[in-house]
>>> print(open('upload.tsv').read())   # TSV, C-alpha atoms
chain	number	residue	atom	x	y	z
K	959	MET	CA	29.94	-28.38	-53.51
K	960	ALA	CA	33.16	-29.70	-51.98
K	961	VAL	CA	35.08	-27.19	-49.82
K	962	VAL	CA	38.79	-27.18	-49.03
K	963	LYS	CA	40.40	-25.77	-45.86
K	964	ILE	CA	43.61	-23.74	-46.40
K	965	THR	CA	46.06	-22.57	-43.73
K	966	THR	CA	47.80	-19.30	-44.62
K	967	SER	CA	51.45	-18.45	-43.94
K	968	GLN	CA	50.29	-16.26	-41.06
K	969	GLY	CA	48.49	-19.18	-39.46
K	970	GLY	CA	45.01	-18.06	-40.47
K	971	THR	CA	42.40	-20.25	-42.11
K	972	MET	CA	40.52	-19.77	-45.39
K	973	PHE	CA	37.90	-21.92	-47.09
K	974	ARG	CA	37.57	-22.21	-50.85
K	975	SER	CA	35.42	-24.39	-53.12
K	976	ARG	CA	37.23	-26.89	-55.32
K	977	ALA	CA	35.89	-25.07	-58.40
K	978	VAL	CA	37.43	-21.77	-57.23
K	979	LEU	CA	40.72	-23.49	-56.46
K	980	ALA	CA	40.74	-25.07	-59.91
K	981	SER	CA	40.23	-21.65	-61.50
K	982	LEU	CA	43.06	-20.14	-59.44
K	983	LEU	CA	45.44	-22.92	-60.39
K	984	LEU	CA	44.59	-22.52	-64.08
K	985	ALA	CA	45.19	-18.77	-63.90
K	986	ALA	CA	48.54	-19.33	-62.19
K	987	ALA	CA	49.55	-21.77	-64.90
K	988	ALA	CA	48.71	-19.22	-67.57
K	989	LEU	CA	50.86	-16.54	-65.91
K	990	SER	CA	53.82	-18.86	-65.48
K	991	THR	CA	53.80	-20.29	-69.00
K	992	GLY	CA	52.34	-17.46	-71.06
K	993	VAL	CA	49.72	-19.89	-72.46
K	994	PRO	CA	46.01	-19.08	-71.98
K	995	ALA	CA	44.44	-21.39	-69.42
K	996	THR	CA	41.59	-23.62	-70.57
K	997	ALA	CA	38.48	-24.12	-68.45
K	998	ALA	CA	37.73	-27.70	-69.48
K	999	PRO	CA	39.42	-29.50	-66.54
K	1000	ALA	CA	37.71	-27.21	-64.02
K	1001	ASP	CA	34.30	-27.87	-65.59
K	1002	PHE	CA	34.40	-31.48	-64.44
K	1003	ALA	CA	34.47	-30.41	-60.78
K	1004	VAL	CA	31.29	-28.39	-61.21
K	1005	GLN	CA	29.46	-29.88	-64.13
K	1006	GLY	CA	29.98	-33.60	-63.93
K	1007	ILE	CA	30.74	-35.15	-67.31
K	1008	GLY	CA	31.12	-32.95	-70.37
K	1009	ARG	CA	31.92	-29.35	-71.25
K	1010	GLN	CA	29.40	-26.55	-70.86
K	1011	VAL	CA	28.07	-25.21	-74.17
K	1012	THR	CA	24.87	-23.56	-75.36
K	1013	VAL	CA	22.81	-23.03	-78.49
K	1014	ARG	CA	23.56	-20.09	-80.82
K	1015	SER	CA	21.71	-16.96	-79.73
K	1016	ASN	CA	20.12	-16.40	-83.17
K	1017	LEU	CA	18.15	-19.66	-82.92
K	1018	VAL	CA	14.82	-20.13	-81.17
K	1019	GLN	CA	15.69	-23.72	-80.37
K	1020	ALA	CA	17.62	-26.70	-81.74
K	1021	ASP	CA	16.61	-30.35	-82.02
K	1022	LEU	CA	18.05	-33.11	-79.86
K	1023	LYS	CA	18.13	-36.44	-81.68
K	1024	PRO	CA	18.68	-40.05	-80.54
K	1025	ILE	CA	21.15	-40.54	-83.42
K	1026	PRO	CA	23.72	-38.33	-85.18
K	1027	GLY	CA	21.42	-37.05	-87.93
K	1028	THR	CA	17.96	-35.75	-88.61
K	1029	ALA	CA	16.23	-39.02	-89.53
K	1030	ALA	CA	14.53	-39.64	-86.17
K	1031	PRO	CA	11.97	-38.05	-83.83
K	1032	ASN	CA	13.43	-35.64	-81.29
K	1033	THR	CA	14.40	-36.72	-77.80
K	1034	GLY	CA	13.87	-33.07	-76.86
K	1035	VAL	CA	15.07	-29.56	-77.69
K	1036	ALA	CA	17.73	-27.13	-76.53
K	1037	ARG	CA	17.30	-23.35	-76.39
K	1038	PRO	CA	19.79	-20.48	-76.26
K	1039	GLY	CA	20.94	-20.16	-72.65
K	1040	ASP	CA	20.25	-23.80	-71.79
K	1041	ASN	CA	23.13	-25.42	-69.93
K	1042	LEU	CA	24.31	-28.23	-72.21
K	1043	ALA	CA	26.98	-30.71	-71.17
K	1044	ALA	CA	28.83	-31.63	-74.39
K	1045	ILE	CA	30.40	-35.09	-74.12
K	1046	CYS	CA	31.73	-35.99	-77.60
K	1047	PHE	CA	30.84	-35.92	-81.29
K	1048	THR	CA	29.97	-38.44	-84.01
K	1049	ASN	CA	29.56	-37.78	-87.73
K	1050	ASP	CA	26.28	-38.58	-89.43
K	1051	SER	CA	25.94	-40.45	-92.74
K	1052	ARG	CA	26.76	-37.23	-94.64
K	1053	GLY	CA	29.95	-36.68	-92.65
K	1054	LEU	CA	28.53	-33.79	-90.60
K	1055	PRO	CA	29.38	-33.68	-86.87
K	1056	TRP	CA	26.73	-34.07	-84.18
K	1057	VAL	CA	27.58	-33.48	-80.52
K	1058	LEU	CA	26.30	-35.76	-77.76
K	1059	VAL	CA	24.86	-33.55	-75.00
K	1060	LEU	CA	22.86	-33.60	-71.80
K	1061	ASN	CA	20.46	-30.66	-71.53
K	1062	ARG	CA	20.70	-29.76	-67.85
K	1063	ASN	CA	17.60	-27.55	-68.12
K	1064	GLY	CA	14.10	-28.93	-68.21
K	1065	ILE	CA	11.12	-27.22	-69.85
K	1066	PRO	CA	7.99	-27.27	-67.65
K	1067	GLY	CA	5.33	-29.45	-69.22
K	1068	ARG	CA	7.59	-30.39	-72.16
K	1069	GLN	CA	10.76	-32.19	-71.11
K	1070	TYR	CA	12.76	-33.27	-68.09
K	1071	ALA	CA	16.13	-31.91	-67.04
K	1072	ASN	CA	19.12	-34.02	-68.15
K	1073	THR	CA	17.49	-35.11	-71.42
K	1074	VAL	CA	20.15	-36.67	-73.65
K	1075	GLY	CA	20.51	-36.36	-77.41
K	1076	PHE	CA	22.72	-35.45	-80.35
K	1077	ILE	CA	22.70	-31.80	-81.47
K	1078	SER	CA	24.07	-30.48	-84.74
K	1079	HIS	CA	27.51	-28.95	-84.20
K	1080	GLY	CA	26.41	-25.97	-86.30
K	1081	ASP	CA	23.64	-25.16	-83.80
K	1082	LEU	CA	26.12	-24.60	-80.95
K	1083	ALA	CA	27.66	-21.27	-80.02
K	1084	SER	CA	30.96	-22.97	-79.18
K	1085	THR	CA	33.47	-23.35	-81.99
K	1086	ASN	CA	35.95	-25.32	-79.88
K	1087	PRO	CA	36.65	-28.87	-81.09
K	1088	PHE	CA	35.11	-31.85	-79.34
K	1089	VAL	CA	36.59	-35.30	-78.83
K	1090	GLY	CA	35.20	-38.14	-80.89
K	1091	CYS	CA	32.68	-40.52	-79.32
K	1092	ALA	CA	33.77	-44.09	-78.67
K	1093	THR	CA	33.78	-46.64	-81.44
K	1094	GLU	CA	34.32	-50.38	-81.25
K	1095	THR	CA	38.07	-49.87	-81.26
K	1096	THR	CA	38.44	-46.66	-79.25
K	1097	VAL	CA	37.48	-46.61	-75.58
K	1098	SER	CA	38.14	-42.94	-74.79
K	1099	PRO	CA	36.17	-40.90	-73.86
K	1100	ALA	CA	33.76	-43.68	-72.87
K	1101	ASN	CA	34.64	-45.29	-69.57
K	1102	HIS	CA	33.95	-48.83	-70.72
K	1103	PHE	CA	32.01	-51.07	-73.07
K	1104	ALA	CA	29.23	-53.39	-71.94
K	1105	TRP	CA	26.84	-56.06	-73.23
K	1106	LEU	CA	23.32	-57.00	-72.17
K	1107	ARG	CA	22.99	-59.28	-69.15
K	1108	GLY	CA	22.72	-62.89	-70.22
K	1109	ASP	CA	19.30	-63.59	-68.73
K	1110	LEU	CA	17.61	-60.63	-70.48
K	1111	VAL	CA	16.22	-60.45	-74.02
K	1112	GLN	CA	16.41	-56.67	-74.28
K	1113	ALA	CA	16.37	-53.48	-72.22
K	1114	ASP	CA	14.78	-50.10	-72.91
K	1115	MET	CA	16.87	-47.06	-73.82
K	1116	LYS	CA	15.37	-43.79	-72.55
K	1117	PRO	CA	16.09	-40.10	-73.22
K	1118	ILE	CA	16.10	-39.46	-69.46
K	1119	ALA	CA	17.20	-41.38	-66.40
K	1120	GLY	CA	13.83	-42.97	-65.67
K	1121	THR	CA	10.92	-44.79	-67.24
K	1122	ASP	CA	8.63	-41.79	-67.85
K	1123	ALA	CA	9.41	-41.31	-71.54
K	1124	PRO	CA	9.12	-43.17	-74.86
K	1125	ASN	CA	12.12	-45.29	-75.80
K	1126	THR	CA	14.93	-43.92	-77.92
K	1127	GLY	CA	15.72	-47.54	-78.86
K	1128	LEU	CA	16.45	-51.00	-77.50
K	1129	PHE	CA	19.55	-52.67	-76.07
K	1130	LYS	CA	19.44	-56.32	-77.24
K	1131	GLN	CA	21.46	-59.50	-76.84
K	1132	GLY	CA	24.63	-59.22	-78.92
K	1133	ASP	CA	24.60	-55.41	-78.85
K	1134	LYS	CA	27.65	-53.54	-77.62
K	1135	VAL	CA	27.24	-50.21	-75.83
K	1136	ALA	CA	29.70	-47.48	-74.86
K	1137	VAL	CA	28.91	-46.36	-71.31
K	1138	TYR	CA	29.74	-42.76	-70.39
K	1139	CYS	CA	28.29	-41.93	-66.97
K	1140	HIS	CA	25.54	-42.75	-64.48
K	1141	LEU	CA	22.63	-40.70	-63.14
K	1142	ALA	CA	19.93	-41.47	-60.58
K	1143	ASP	CA	16.26	-41.04	-61.42
K	1144	ASN	CA	13.71	-39.39	-59.11
K	1145	ARG	CA	13.40	-42.63	-57.14
K	1146	GLY	CA	17.15	-42.80	-56.57
K	1147	PHE	CA	17.57	-45.70	-58.99
K	1148	PRO	CA	20.75	-45.40	-61.10
K	1149	TRP	CA	20.76	-45.43	-64.91
K	1150	LYS	CA	23.72	-45.44	-67.31
K	1151	LEU	CA	24.08	-43.11	-70.27
K	1152	ALA	CA	25.12	-45.30	-73.18
K	1153	VAL	CA	25.45	-45.29	-76.96
K	1154	ASN	CA	24.38	-48.52	-78.65
K	1155	LEU	CA	27.03	-49.11	-81.30
K	1156	TYR	CA	24.85	-51.61	-83.15
K	1157	GLY	CA	21.76	-50.94	-85.24
K	1158	HIS	CA	18.81	-53.21	-86.02
K	1159	ALA	CA	17.60	-53.35	-89.59
K	1160	GLY	CA	14.22	-51.66	-89.92
K	1161	GLN	CA	14.14	-50.82	-86.20
K	1162	GLN	CA	16.92	-48.45	-85.16
K	1163	TYR	CA	20.18	-46.92	-86.33
K	1164	ALA	CA	23.63	-47.65	-84.96
K	1165	ASN	CA	24.90	-45.10	-82.42
K	1166	THR	CA	21.49	-44.63	-80.80
K	1167	VAL	CA	21.88	-42.95	-77.42
K	1168	GLY	CA	19.82	-43.42	-74.27
K	1169	PHE	CA	19.83	-44.23	-70.59
K	1170	ILE	CA	19.75	-47.94	-69.70
K	1171	PRO	CA	18.99	-49.45	-66.26
K	1172	LEU	CA	22.07	-49.99	-64.13
K	1173	ASP	CA	21.45	-53.73	-63.79
K	1174	ALA	CA	20.90	-54.31	-67.54
K	1175	THR	CA	24.59	-54.69	-68.41
K	1176	SER	CA	26.74	-57.79	-68.11
K	1177	THR	CA	29.69	-55.82	-66.71
K	1178	SER	CA	30.01	-53.22	-64.00
K	1179	GLY	CA	32.19	-50.19	-64.61
K	1180	THR	CA	33.46	-47.17	-62.73
K	1181	GLU	CA	31.99	-44.55	-65.04
K	1182	PRO	CA	31.67	-41.03	-63.53
K	1183	ASP	CA	28.51	-39.37	-62.31
K	1184	CYS	CA	26.81	-37.49	-65.15
K	1185	GLY	CA	26.49	-34.44	-62.88
K	1186	ALA	CA	23.58	-32.46	-61.53
K	1187	SER	CA	21.53	-29.83	-63.31
>>> encode(input="upload.tsv", output="C-alpha coordinates")
Amino acid sequence: MAVVKITTSQGGTMFRSRAVLASLLLAAAALSTGVPATAAPADFAVQGIGRQVTVRSNLVQADLKPIPGTAAPNTGVARPGDNLAAICFTNDSRGLPWVLVLNRNGIPGRQYANTVGFISHGDLASTNPFVGCATETTVSPANHFAWLRGDLVQADMKPIAGTDAPNTGLFKQGDKVAVYCHLADNRGFPWKLAVNLYGHAGQQYANTVGFIPLDATSTSGTEPDCGAS
(Lines of atoms letter the chains of each structure in order from A and count residues from 1; the text may use other names and numbers.)
(Lines give C-alpha, C1' and ligand atoms only; values in the text may rest on other atoms or scores of the structure.)
Protein backbone atom coordinates (compact mmCIF):
# COMPACT_ATOMS: atom_id res chain seq x y z
CA MET A 1 0.00 0.00 0.00
CA ALA A 2 1.29 3.48 -0.82
CA VAL A 3 2.62 5.47 2.17
CA VAL A 4 2.87 9.23 2.52
CA LYS A 5 5.45 11.13 4.63
CA ILE A 6 4.07 14.08 6.64
CA THR A 7 6.08 16.75 8.46
CA THR A 8 4.33 18.12 11.55
CA SER A 9 4.31 21.75 12.70
CA GLN A 10 6.84 20.81 15.38
CA GLY A 11 9.21 19.46 12.77
CA GLY A 12 8.50 15.80 13.48
CA THR A 13 7.71 13.17 10.89
CA MET A 14 4.70 10.86 10.59
CA PHE A 15 3.84 8.21 8.02
CA ARG A 16 0.30 7.42 6.94
CA SER A 17 -1.17 5.18 4.24
CA ARG A 18 -3.07 6.86 1.44
CA ALA A 19 -6.23 5.01 2.51
CA VAL A 20 -5.96 6.45 6.05
CA LEU A 21 -5.33 9.92 4.68
CA ALA A 22 -8.37 9.62 2.43
CA SER A 23 -10.52 8.66 5.42
CA LEU A 24 -9.22 11.60 7.46
CA LEU A 25 -9.92 14.04 4.66
CA LEU A 26 -13.46 12.70 4.25
CA ALA A 27 -14.11 13.04 7.98
CA ALA A 28 -12.81 16.61 7.94
CA ALA A 29 -15.10 17.45 5.04
CA ALA A 30 -18.09 16.09 6.95
CA LEU A 31 -17.30 18.22 10.01
CA SER A 32 -16.84 21.38 7.97
CA THR A 33 -19.97 21.02 5.85
CA GLY A 34 -22.33 19.10 8.12
CA VAL A 35 -22.83 16.51 5.34
CA PRO A 36 -22.01 12.84 6.05
CA ALA A 37 -18.84 11.80 4.24
CA THR A 38 -19.12 8.99 1.69
CA ALA A 39 -16.54 6.22 1.50
CA ALA A 40 -16.72 5.61 -2.26
CA PRO A 41 -13.75 7.80 -3.32
CA ALA A 42 -11.52 6.25 -0.65
CA ASP A 43 -12.43 2.74 -1.78
CA PHE A 44 -10.62 3.25 -5.07
CA ALA A 45 -7.28 3.71 -3.26
CA VAL A 46 -7.65 0.36 -1.53
CA GLN A 47 -9.94 -1.72 -3.67
CA GLY A 48 -9.08 -0.90 -7.24
CA ILE A 49 -12.16 -0.46 -9.41
CA GLY A 50 -15.62 -0.65 -7.88
CA ARG A 51 -17.30 -0.24 -4.50
CA GLN A 52 -17.11 -2.88 -1.80
CA VAL A 53 -20.41 -4.72 -1.23
CA THR A 54 -21.44 -8.16 -0.02
CA VAL A 55 -24.29 -10.64 -0.24
CA ARG A 56 -27.23 -10.42 2.18
CA SER A 57 -26.54 -12.34 5.38
CA ASN A 58 -29.77 -14.39 5.15
CA LEU A 59 -28.61 -16.07 1.91
CA VAL A 60 -26.35 -19.10 1.66
CA GLN A 61 -24.98 -17.87 -1.65
CA ALA A 62 -25.99 -15.91 -4.75
CA ASP A 63 -25.41 -16.67 -8.42
CA LEU A 64 -22.96 -14.77 -10.61
CA LYS A 65 -24.08 -14.67 -14.23
CA PRO A 66 -22.34 -13.71 -17.50
CA ILE A 67 -25.38 -11.60 -18.46
CA PRO A 68 -27.89 -9.45 -16.54
CA GLY A 69 -30.48 -12.17 -15.96
CA THR A 70 -30.92 -15.78 -14.99
CA ALA A 71 -30.92 -17.36 -18.46
CA ALA A 72 -27.30 -18.57 -18.45
CA PRO A 73 -24.99 -20.92 -16.54
CA ASN A 74 -23.20 -19.34 -13.59
CA THR A 75 -19.74 -17.85 -13.88
CA GLY A 76 -19.47 -18.52 -10.15
CA VAL A 77 -21.14 -17.71 -6.83
CA ALA A 78 -20.87 -15.11 -4.09
CA ARG A 79 -21.42 -15.80 -0.38
CA PRO A 80 -22.21 -13.53 2.57
CA GLY A 81 -18.93 -11.96 3.67
CA ASP A 82 -17.28 -12.25 0.26
CA ASN A 83 -15.56 -9.05 -0.81
CA LEU A 84 -17.38 -7.97 -3.96
CA ALA A 85 -16.26 -5.00 -6.05
CA ALA A 86 -19.45 -3.52 -7.52
CA ILE A 87 -18.73 -1.68 -10.77
CA CYS A 88 -22.12 -0.73 -12.31
CA PHE A 89 -25.58 -2.09 -13.05
CA THR A 90 -27.61 -3.11 -16.11
CA ASN A 91 -31.29 -4.04 -16.24
CA ASP A 92 -32.32 -7.45 -17.53
CA SER A 93 -35.12 -8.06 -20.06
CA ARG A 94 -37.70 -7.74 -17.27
CA GLY A 95 -36.34 -4.36 -16.16
CA LEU A 96 -34.71 -5.73 -12.99
CA PRO A 97 -31.24 -4.42 -12.07
CA TRP A 98 -28.18 -6.66 -12.02
CA VAL A 99 -24.86 -5.40 -10.65
CA LEU A 100 -21.55 -6.14 -12.38
CA VAL A 101 -19.12 -7.38 -9.72
CA LEU A 102 -15.72 -8.95 -9.20
CA ASN A 103 -15.70 -11.51 -6.38
CA ARG A 104 -12.34 -10.86 -4.74
CA ASN A 105 -12.61 -14.13 -2.77
CA GLY A 106 -11.93 -17.50 -4.31
CA ILE A 107 -13.44 -20.78 -3.11
CA PRO A 108 -10.86 -23.60 -2.85
CA GLY A 109 -11.58 -26.26 -5.44
CA ARG A 110 -14.56 -24.33 -6.85
CA GLN A 111 -13.63 -20.94 -8.25
CA TYR A 112 -10.77 -18.48 -8.59
CA ALA A 113 -10.49 -15.12 -6.88
CA ASN A 114 -11.57 -12.15 -9.03
CA THR A 115 -14.31 -14.09 -10.85
CA VAL A 116 -16.53 -11.63 -12.71
CA GLY A 117 -20.28 -11.78 -13.16
CA PHE A 118 -23.63 -10.04 -12.77
CA ILE A 119 -25.43 -10.48 -9.44
CA SER A 120 -29.06 -9.63 -8.76
CA HIS A 121 -29.32 -6.28 -6.99
CA GLY A 122 -31.79 -7.85 -4.56
CA ASP A 123 -29.14 -10.33 -3.38
CA LEU A 124 -26.84 -7.56 -2.13
CA ALA A 125 -26.80 -6.17 1.39
CA SER A 126 -26.11 -2.67 0.06
CA THR A 127 -29.12 -0.52 -0.78
CA ASN A 128 -27.03 2.36 -2.15
CA PRO A 129 -27.60 3.15 -5.84
CA PHE A 130 -25.10 2.08 -8.46
CA VAL A 131 -24.13 3.86 -11.65
CA GLY A 132 -25.37 2.43 -14.93
CA CYS A 133 -23.02 0.33 -17.05
CA ALA A 134 -21.84 1.75 -20.35
CA THR A 135 -24.02 1.60 -23.41
CA GLU A 136 -23.18 2.43 -27.00
CA THR A 137 -23.81 6.11 -26.33
CA THR A 138 -22.55 6.49 -22.76
CA VAL A 139 -18.87 6.00 -22.00
CA SER A 140 -18.92 6.48 -18.22
CA PRO A 141 -18.14 4.50 -16.13
CA ALA A 142 -16.29 2.45 -18.76
CA ASN A 143 -12.90 3.86 -19.61
CA HIS A 144 -13.21 3.30 -23.34
CA PHE A 145 -14.78 1.24 -26.10
CA ALA A 146 -12.84 -1.19 -28.26
CA TRP A 147 -13.22 -3.52 -31.25
CA LEU A 148 -11.52 -6.80 -32.13
CA ARG A 149 -8.09 -6.56 -33.74
CA GLY A 150 -8.38 -6.70 -37.51
CA ASP A 151 -6.31 -9.84 -38.04
CA LEU A 152 -8.36 -11.95 -35.60
CA VAL A 153 -11.63 -13.80 -36.21
CA GLN A 154 -12.66 -13.92 -32.56
CA ALA A 155 -11.29 -13.94 -29.02
CA ASP A 156 -12.41 -15.85 -25.94
CA MET A 157 -14.17 -14.13 -23.05
CA LYS A 158 -13.38 -15.69 -19.66
CA PRO A 159 -14.86 -15.34 -16.16
CA ILE A 160 -11.34 -14.90 -14.77
CA ALA A 161 -8.15 -13.27 -15.96
CA GLY A 162 -6.66 -16.40 -17.52
CA THR A 163 -7.41 -19.34 -19.76
CA ASP A 164 -8.28 -21.91 -17.06
CA ALA A 165 -12.06 -21.64 -17.32
CA PRO A 166 -14.87 -22.22 -19.83
CA ASN A 167 -15.78 -19.21 -21.96
CA THR A 168 -18.51 -16.80 -20.92
CA GLY A 169 -18.82 -15.87 -24.61
CA LEU A 170 -16.92 -14.72 -27.68
CA PHE A 171 -15.63 -11.35 -28.87
CA LYS A 172 -16.03 -11.33 -32.68
CA GLN A 173 -15.29 -9.04 -35.61
CA GLY A 174 -17.81 -6.20 -35.62
CA ASP A 175 -18.49 -6.50 -31.88
CA LYS A 176 -18.10 -3.47 -29.66
CA VAL A 177 -16.96 -3.90 -26.06
CA ALA A 178 -16.90 -1.54 -23.08
CA VAL A 179 -13.57 -1.95 -21.28
CA TYR A 180 -13.50 -1.28 -17.54
CA CYS A 181 -10.15 -2.34 -16.09
CA HIS A 182 -7.18 -4.68 -16.51
CA LEU A 183 -5.88 -7.54 -14.36
CA ALA A 184 -2.87 -9.83 -14.72
CA ASP A 185 -3.26 -13.60 -14.64
CA ASN A 186 -0.99 -15.95 -12.67
CA ARG A 187 1.62 -15.76 -15.45
CA GLY A 188 1.67 -11.96 -15.32
CA PHE A 189 -0.16 -11.64 -18.64
CA PRO A 190 -2.71 -8.79 -18.63
CA TRP A 191 -6.41 -9.27 -19.44
CA LYS A 192 -9.15 -6.64 -19.81
CA LEU A 193 -12.52 -6.84 -18.12
CA ALA A 194 -15.06 -6.02 -20.81
CA VAL A 195 -18.78 -6.17 -21.57
CA ASN A 196 -19.63 -7.21 -25.12
CA LEU A 197 -22.45 -4.88 -26.12
CA TYR A 198 -23.45 -7.09 -29.05
CA GLY A 199 -25.18 -10.45 -28.96
CA HIS A 200 -25.07 -13.30 -31.48
CA ALA A 201 -28.34 -14.95 -32.41
CA GLY A 202 -28.52 -18.46 -30.99
CA GLN A 203 -25.07 -18.13 -29.41
CA GLN A 204 -24.92 -15.42 -26.75
CA TYR A 205 -26.80 -12.46 -25.33
CA ALA A 206 -25.82 -8.82 -25.60
CA ASN A 207 -24.03 -7.42 -22.53
CA THR A 208 -22.08 -10.63 -21.90
CA VAL A 209 -19.19 -9.94 -19.54
CA GLY A 210 -15.76 -11.53 -19.44
CA PHE A 211 -12.02 -11.00 -19.48
CA ILE A 212 -10.41 -10.69 -22.93
CA PRO A 213 -6.67 -10.88 -23.73
CA LEU A 214 -4.93 -7.52 -23.67
CA ASP A 215 -3.77 -7.81 -27.29
CA ALA A 216 -7.22 -8.80 -28.66
CA THR A 217 -8.50 -5.23 -29.04
CA SER A 218 -7.90 -2.83 -31.89
CA THR A 219 -7.35 0.11 -29.55
CA SER A 220 -5.27 0.58 -26.43
CA GLY A 221 -6.77 2.44 -23.50
CA THR A 222 -5.72 3.70 -20.10
CA GLU A 223 -8.28 1.77 -18.08
CA PRO A 224 -7.47 1.38 -14.35
CA ASP A 225 -6.16 -1.72 -12.62
CA CYS A 226 -9.05 -3.91 -11.44
CA GLY A 227 -7.40 -4.15 -8.01
CA ALA A 228 -6.09 -7.01 -5.94
CA SER A 229 -8.04 -9.46 -3.83
>>> residues_around(input="upload.tsv", residues="Phe1147 (chain K)", least_positions_apart="3", cutoff="10 Å", atoms="only C-alpha atoms", output="PyMOL selection string")
chain K and resi 1119-1120+1141-1144+1171-1172
>>> residues_around(input="upload.tsv", residues="Asp1040 (chain K)", least_positions_apart="4", cutoff="12 Å", atoms="only C-alpha atoms", output="list of chain:residue names")
K:Gln1010, K:Val1011, K:Thr1012, K:Val1013, K:Arg1014, K:Ser1015, K:Val1018, K:Gln1019, K:Ala1020, K:Val1035, K:Ala1036, K:Ala1044, K:Val1059, K:Leu1060, K:Asn1061, K:Arg1062, K:Asn1063, K:Gly1064, K:Ile1065, K:Ala1071, K:Asn1072, K:Thr1073, K:Leu1082, K:Ala1083, K:Ser1187
>>> residues_around(input="upload.tsv", residues="region 1096-1106 of chain K", least_positions_apart="5", cutoff="10 Å", atoms="only C-alpha atoms", output="PyMOL selection string")
chain K and resi 1045-1046+1089-1091+1111-1113+1129-1139+1152-1155+1173-1182
>>> write_last_selection(input="upload.tsv", atoms="C-alpha atoms", output="CSV table (one decimal), keeping the file's coordinate frame")
chain,number,residue,atom,x,y,z
K,1045,ILE,CA,30.4,-35.1,-74.1
K,1046,CYS,CA,31.7,-36.0,-77.6
K,1089,VAL,CA,36.6,-35.3,-78.8
K,1090,GLY,CA,35.2,-38.1,-80.9
K,1091,CYS,CA,32.7,-40.5,-79.3
K,1111,VAL,CA,16.2,-60.4,-74.0
K,1112,GLN,CA,16.4,-56.7,-74.3
K,1113,ALA,CA,16.4,-53.5,-72.2
K,1129,PHE,CA,19.6,-52.7,-76.1
K,1130,LYS,CA,19.4,-56.3,-77.2
K,1131,GLN,CA,21.5,-59.5,-76.8
K,1132,GLY,CA,24.6,-59.2,-78.9
K,1133,ASP,CA,24.6,-55.4,-78.8
K,1134,LYS,CA,27.6,-53.5,-77.6
K,1135,VAL,CA,27.2,-50.2,-75.8
K,1136,ALA,CA,29.7,-47.5,-74.9
K,1137,VAL,CA,28.9,-46.4,-71.3
K,1138,TYR,CA,29.7,-42.8,-70.4
K,1139,CYS,CA,28.3,-41.9,-67.0
K,1152,ALA,CA,25.1,-45.3,-73.2
K,1153,VAL,CA,25.4,-45.3,-77.0
K,1154,ASN,CA,24.4,-48.5,-78.6
K,1155,LEU,CA,27.0,-49.1,-81.3
K,1173,ASP,CA,21.4,-53.7,-63.8
K,1174,ALA,CA,20.9,-54.3,-67.5
K,1175,THR,CA,24.6,-54.7,-68.4
K,1176,SER,CA,26.7,-57.8,-68.1
K,1177,THR,CA,29.7,-55.8,-66.7
K,1178,SER,CA,30.0,-53.2,-64.0
K,1179,GLY,CA,32.2,-50.2,-64.6
K,1180,THR,CA,33.5,-47.2,-62.7
K,1181,GLU,CA,32.0,-44.6,-65.0
K,1182,PRO,CA,31.7,-41.0,-63.5
>>> residues_around(input="upload.tsv", residues="Gly1127 (chain K)", least_positions_apart="4", cutoff="12 Å", atoms="all atoms listed in the file", output="short mmCIF file (atom, residue, chain, number, x, y, z; two decimals) with C-alpha atoms, keeping the file's coordinate frame")
data_model
loop_
_atom_site.label_atom_id
_atom_site.label_comp_id
_atom_site.auth_asym_id
_atom_site.auth_seq_id
_atom_site.Cartn_x
_atom_site.Cartn_y
_atom_site.Cartn_z
CA LYS K 1023 18.13 -36.44 -81.68
CA PRO K 1024 18.68 -40.05 -80.54
CA ILE K 1025 21.15 -40.54 -83.42
CA ALA K 1030 14.53 -39.64 -86.17
CA PRO K 1031 11.97 -38.05 -83.83
CA THR K 1033 14.40 -36.72 -77.80
CA GLN K 1112 16.41 -56.67 -74.28
CA ALA K 1113 16.37 -53.48 -72.22
CA ASP K 1114 14.78 -50.10 -72.91
CA MET K 1115 16.87 -47.06 -73.82
CA LYS K 1116 15.37 -43.79 -72.55
CA PRO K 1117 16.09 -40.10 -73.22
CA ALA K 1123 9.41 -41.31 -71.54
CA ASP K 1133 24.60 -55.41 -78.85
CA ALA K 1152 25.12 -45.30 -73.18
CA VAL K 1153 25.45 -45.29 -76.96
CA ASN K 1154 24.38 -48.52 -78.65
CA LEU K 1155 27.03 -49.11 -81.30
CA TYR K 1156 24.85 -51.61 -83.15
CA GLY K 1157 21.76 -50.94 -85.24
CA HIS K 1158 18.81 -53.21 -86.02
CA GLY K 1160 14.22 -51.66 -89.92
CA GLN K 1161 14.14 -50.82 -86.20
CA GLN K 1162 16.92 -48.45 -85.16
CA TYR K 1163 20.18 -46.92 -86.33
CA ALA K 1164 23.63 -47.65 -84.96
CA ASN K 1165 24.90 -45.10 -82.42
CA THR K 1166 21.49 -44.63 -80.80
CA VAL K 1167 21.88 -42.95 -77.42
CA GLY K 1168 19.82 -43.42 -74.27
CA PHE K 1169 19.83 -44.23 -70.59
CA ILE K 1170 19.75 -47.94 -69.70
#
>>> atom_distance(input="upload.tsv", atom1="CA of Ile1077 (chain K)", atom2="CA of Thr1028 (chain K)")
9.4 Å
>>> closest_residue(input="upload.tsv", among="K:Gly1185, K:Thr1093, K:Gly1034, K:Asp1050", to="Pro1124 (chain K)", atoms="all atoms listed in the file")
K:Gly1034
>>> atom_distance(input="upload.tsv", atom1="CA of Leu1017 (chain K)", atom2="CA of Thr1126 (chain K)")
25.0 Å
>>> atom_distance(input="upload.tsv", atom1="CA of Arg1037 (chain K)", atom2="CA of Ala1092 (chain K)")
26.6 Å
